[in-house]
Amino acid sequence: MTAAMGNRNVKIAIFLVGLFIVAILPLFFNESSGFIDDCTLALAYIVMALGLNIIVGFAGLLDLGYVAFFAIGAYTMGWFASGFYAEADIHVFVGEFASSIPGIHVNFLIVLIIAAAFTTLAGIVIGLPTLRLRGDYIAIVTLAFGEIIHRIAINGDEVQIAEGFPLTNGRQGITPVDKIDLPFIEPFTSLNLRPWYWVALALALFVLFVNFRLRDSRLGRAWIALREDEVAAISMGIPAVKTKLLAYGTGAAFGGMSGAFLASYLNTVNADQFAFSFSIFVLAMVILGGLGSIWGVVLGAVALTFINYRLIPDVLNDVPNKVGLDFDLSELSFGIFGFLLVIMMVLRPEGLIPERRRQMELEQGIGTGDTELDLVEP
Amino acid sequence: MTDASPDLILDARDVSKVFGGLTAVGGVNFGIPRGGIVSLIGPNGAGKTTFFNMLTGLYKPTTGRIVFDEKAITGGRPDKIMALGIARTFQNIRLFGTMSARENVMVGEHARMRAGLFGSILRTPRVRREERHVSDKAAEELAYVGLPPNTFDQLAINLSYGDQRRVEIARALASDPKLLLLDEPTAGMNPQESDELTALMHRLRDERGLTILLIEHDMKVVMGVSEYITVLDHGEKIAEGLPEQVRNDDRVIEAYLGKGAVHE
Ligand SMILES: Nc1ncnc2c1ncn2[C@@H]1O[C@H](COP(=O)(O)OP(=O)(O)OP(=O)(O)O)[C@@H](O)[C@H]1O
Ligand SMILES: [Mg+2]
């Protein structure tokens with residue numbers, strides 16, 4: 001008992017030290033350095049990957065259309081915090097600059113909540129038709145849903161909600177998008193990336209917290225039970241429909257929040273951002289890290305972000321040239337992710353950091369633990 | 001027995017299940033007296049598990065009507081039926097493989113818990129108390145079915161076969177059911193474990209007032225525990241009665257002929 005508590009304290013200490021380092025990291029880099037930029041993206045992707053982890057990792061529902069929630073979250077920011085609807089003149093708790101320009105300008109935190117609400121709804125809508133389906137079929141339906149949202153984003157510039165209020169701005173994108181402007185602190189700018197980083201970190205911590213809390217809860221057990229054996233789960237009193245919809249809804253909400261943040265950070269909401277390949281990108285993070293493993297998914301998100309934004313464009317891009325080939329490696333990035341996934345499946349199918357439960361399986365297979373030590377000692 | 005009377009905790013009338021052209025269960029009438037231990041036996045493929053699956057809502061009966069505790073549950077949702085008080089185990093053990101024994105049993109308490117999404121995220125004092133209570137209760141149930149305490153937090157799939165069967169029973173008990181359905185609980189158990197299980201069933205009825213419906217091939221267990229036995233063959237009820245009556249029933253002996261199970 002005390003050993004377990006000591007163990008827990010050590011874990012908390014490691015977490016706090018790690019958190020401190022991560023929190024002060026931007027101070028060691030130039031305000032607008034590319035590294036902080038990459039880290040901010042990585043944090044935003046951690047939020048998405050942990051959201052998808054609830055759906056795929058915990059509840060075992062293979063979702064290939066997660067990009068839809070990125071899109072809906074981003075568009076929520078585009079609609080409610082930009083000059084896109086210039087004919088409107090609505091300002092809700094925004095700073096001086098946003099107050100002075102036409103359009104709909106709502107405070108970042110409020111839009112974040114609206115984005116979470118919209119995507120939760122979308123998650124439930126996509127969840128409903130998949131409830132009677134299993135495995136591969138869920139994947140196909142969610143894939144289609146992602147693609148439908150993508151198409152709507154591309155062609156939405158011709159869909160008028162009302163006169164002068166098109167749904168999207170198609171491939172041109174809604175830009176600029178309001179920068180984060182919170183009370184008591186300076187408005188964010190694209191010159192100083194540190195505040196963006198910290199907001200992304202706060203979001204990531206929040207989602208991390210929710211993941212841990214849910215995993216060790218009645219709901220988390222219900223998700224895992226459904227994932228392991230649906231027949232046994234429903235026979236033990238778990239309402240399958242409600243429980244699955246809660247997974248879709250919660251997982252989607254985090255995709256939406258991250259999407260809303262990214263819209264503001266990237267300063268654009270462009271239909272081309274919402275391609276199928278993005279769903280695979282996030283799914284690869286979850287699988288690479290270890291389905292259902294919270295820290296594994298964090299690691300997977302960071303690793304793939306840096307591979308995608310650093311390693312491939314900056315380091316590896318010259319390689320084809322050097323060996324006498326002429327193509328752009330970054331266009332192959334998804335081929336590279338696919339390759340990585342195949343290697344993972346062969347070498348370490350449980351992911352970089354296996355889920356605690358799978359780890360336990362391994363450890364207990366070898367037979368460690370305090371009881372044996374007690375036996376050895378006189 | 002087939003007359004509806006208020007002391008039947010479960011009353012199934014003219015229940016049948018047809019799969020394509022195959023009648024797995026055909027027009028069976030079946031009643032369980034409250035507080036009784038009754039058995040459903042029959043050769044392989046007789047329709048016993050199919051009958052269980054209809055009682056628990058996994059299969060929708062093709063015809064018939066099932067009343068449990070004075071409520072119609074015909075074709076109801078499995079989770080709702082379980083919440084009403086019918087819990088079961090499975091013929092092929094169906095534990096949640098990546099969960100510990102304790103967590104498996106905690107899942108069985110799902111229907112009796114109240115924590116929701118936000119409560120779980122905030123881990124309110126109420127949710128915290130509930131979690132602790134449920135975890136303690138899971139340990140109690142595991143101890144009750146005779147699992148060694150040092151195995152409570154081991155992965156269920158790493159336990160011995162007999163212990164896995166026990167965890168499944170504990171998981172079913174966790175929901176405080178009124179009626180417990182056991183589908184061949186001694187399959188794969190050694191004789192000593194089977195005896196322990198027989199004793200456990202008596203304790204469950206005497207100490208907790210549970211009603212038990214047992215599917216079982218081991219005639220020693222069946223004869224040792226059952227107050228009433230119903231025999232199915234090819235989906236139809238071919239005999240029912242007290243153990244001695246069923247044991248000497250010609251049709252039953254015929255149905256089992258070649259398997260020798262009756263004369264064990
Ligand atoms: N889902 C299903 N679809 C089609 N046929 C089924 C299904 N479930 C059961 N059956 C058939 O119904 C018949 C009865 O099966 P059931 O499993 O109920 O038998 P049982 O009495 O439990 O046998 P055992 O002692 O072998 O467990 C069998 O012929 C079986 O093949
Ligand atoms: Mg059977």
# chains A, B, ... in the order shown; residues from 1 in each chain; ligands from 1

$ residues_near_ligand --ligand "ligand 1" --cutoff "12 Å" --atoms "only C-alpha atoms and all ligand atoms" --output "ChimeraX atom specification"
/B:16-26,40-54,58-61,90-92,182-185,187,214-218,231-237,256

$ select_by_dssp --residues "region 169-247 of chain B" --states "strand (DSSP E or B)" --output "PyMOL selection string"
chain B and resi 179-183+211-215+228-233+236-241

$ closest_residue --among "B:Val38, B:Asp176, B:Glu227, B:Ile93" --to "ligand 2" --atoms "only C-alpha atoms and all ligand atoms"
B:Ile93

$ interface_residues --of "chain A" --to "chain B" --cutoff "6 Å" --atoms "only C-alpha atoms" --output "list of chain:residue names"
A:Val210, A:Arg213, A:Glu228, A:Ile234, A:Ser235, A:Met236, A:Gly237, A:Ile238, A:Pro239, A:Arg357

$ write_last_selection --atoms "C-alpha atoms" --output "PDB file, in the first residue's frame"
ATOM      1  CA  VAL A 210     -10.041  14.458 -18.951  1.00  0.00           C
ATOM      2  CA  ARG A 213     -10.209  10.853 -15.348  1.00  0.00           C
ATOM      3  CA  GLU A 228     -13.330  -6.018 -25.492  1.00  0.00           C
ATOM      4  CA  ILE A 234     -24.465  -5.224 -22.852  1.00  0.00           C
ATOM      5  CA  SER A 235     -25.323  -8.351 -20.879  1.00  0.00           C
ATOM      6  CA  MET A 236     -23.638  -6.749 -17.859  1.00  0.00           C
ATOM      7  CA  GLY A 237     -25.924  -3.750 -18.060  1.00  0.00           C
ATOM      8  CA  ILE A 238     -23.991  -1.343 -20.258  1.00  0.00           C
ATOM      9  CA  PRO A 239     -26.255   0.593 -22.619  1.00  0.00           C
ATOM     10  CA  ARG A 357      -3.480  -2.931 -19.317  1.00  0.00           C
TER      11      ARG A 357
END

$ atom_distance --atom1 "CA of Ser82 (chain A)" --atom2 "CA of His150 (chain A)"
20.7 Å

$ atom_distance --atom1 "CA of Thr198 (chain B)" --atom2 "CA of Asp229 (chain A)"
28.0 Å

$ residues_around --residues "region 53-64 of chain A" --least-positions-apart "5" --cutoff "9 Å" --atoms "only C-alpha atoms" --output "ChimeraX atom specification"
/A:48,134-146,211,214-215,220-228,243-244,247-252,276,279-280,283,286-287,290-294,297

$ closest_residue --among "A:His91, A:Lys179, A:Lys322, A:Arg348" --to "Leu266 (chain A)" --atoms "only C-alpha atoms"
A:Lys179

$ atom_distance --atom1 "CA of Val177 (chain A)" --atom2 "CA of Ala49 (chain A)"
23.9 Å

$ residues_around --residues "Gly35 (chain B)" --least-positions-apart "2" --cutoff "6 Å" --atoms "only C-alpha atoms" --output "ChimeraX atom specification"
/B:209-211

$ write_last_selection --atoms "N, CA and C atoms" --output "PDB file, in the first residue's frame"
ATOM      1  N   GLY B 209     -30.992 -15.310  -1.064  1.00  0.00           N
ATOM      2  CA  GLY B 209     -32.337 -15.447  -1.605  1.00  0.00           C
ATOM      3  C   GLY B 209     -32.395 -15.405  -3.121  1.00  0.00           C
ATOM      4  N   LEU B 210     -31.290 -15.746  -3.757  1.00  0.00           N
ATOM      5  CA  LEU B 210     -31.252 -15.712  -5.214  1.00  0.00           C
ATOM      6  C   LEU B 210     -32.022 -16.882  -5.820  1.00  0.00           C
ATOM      7  N   THR B 211     -32.592 -16.643  -6.974  1.00  0.00           N
ATOM      8  CA  THR B 211     -33.155 -17.725  -7.767  1.00  0.00           C
ATOM      9  C   THR B 211     -32.113 -18.090  -8.825  1.00  0.00           C
TER      10      THR B 211
END

$ select_by_dssp --residues "region 54-214 of chain B" --states "alpha helix (DSSP H)" --output "PyMOL selection string"
chain B and resi 54-55+78-84+101-108+117-122+125-144+161-173+191-208
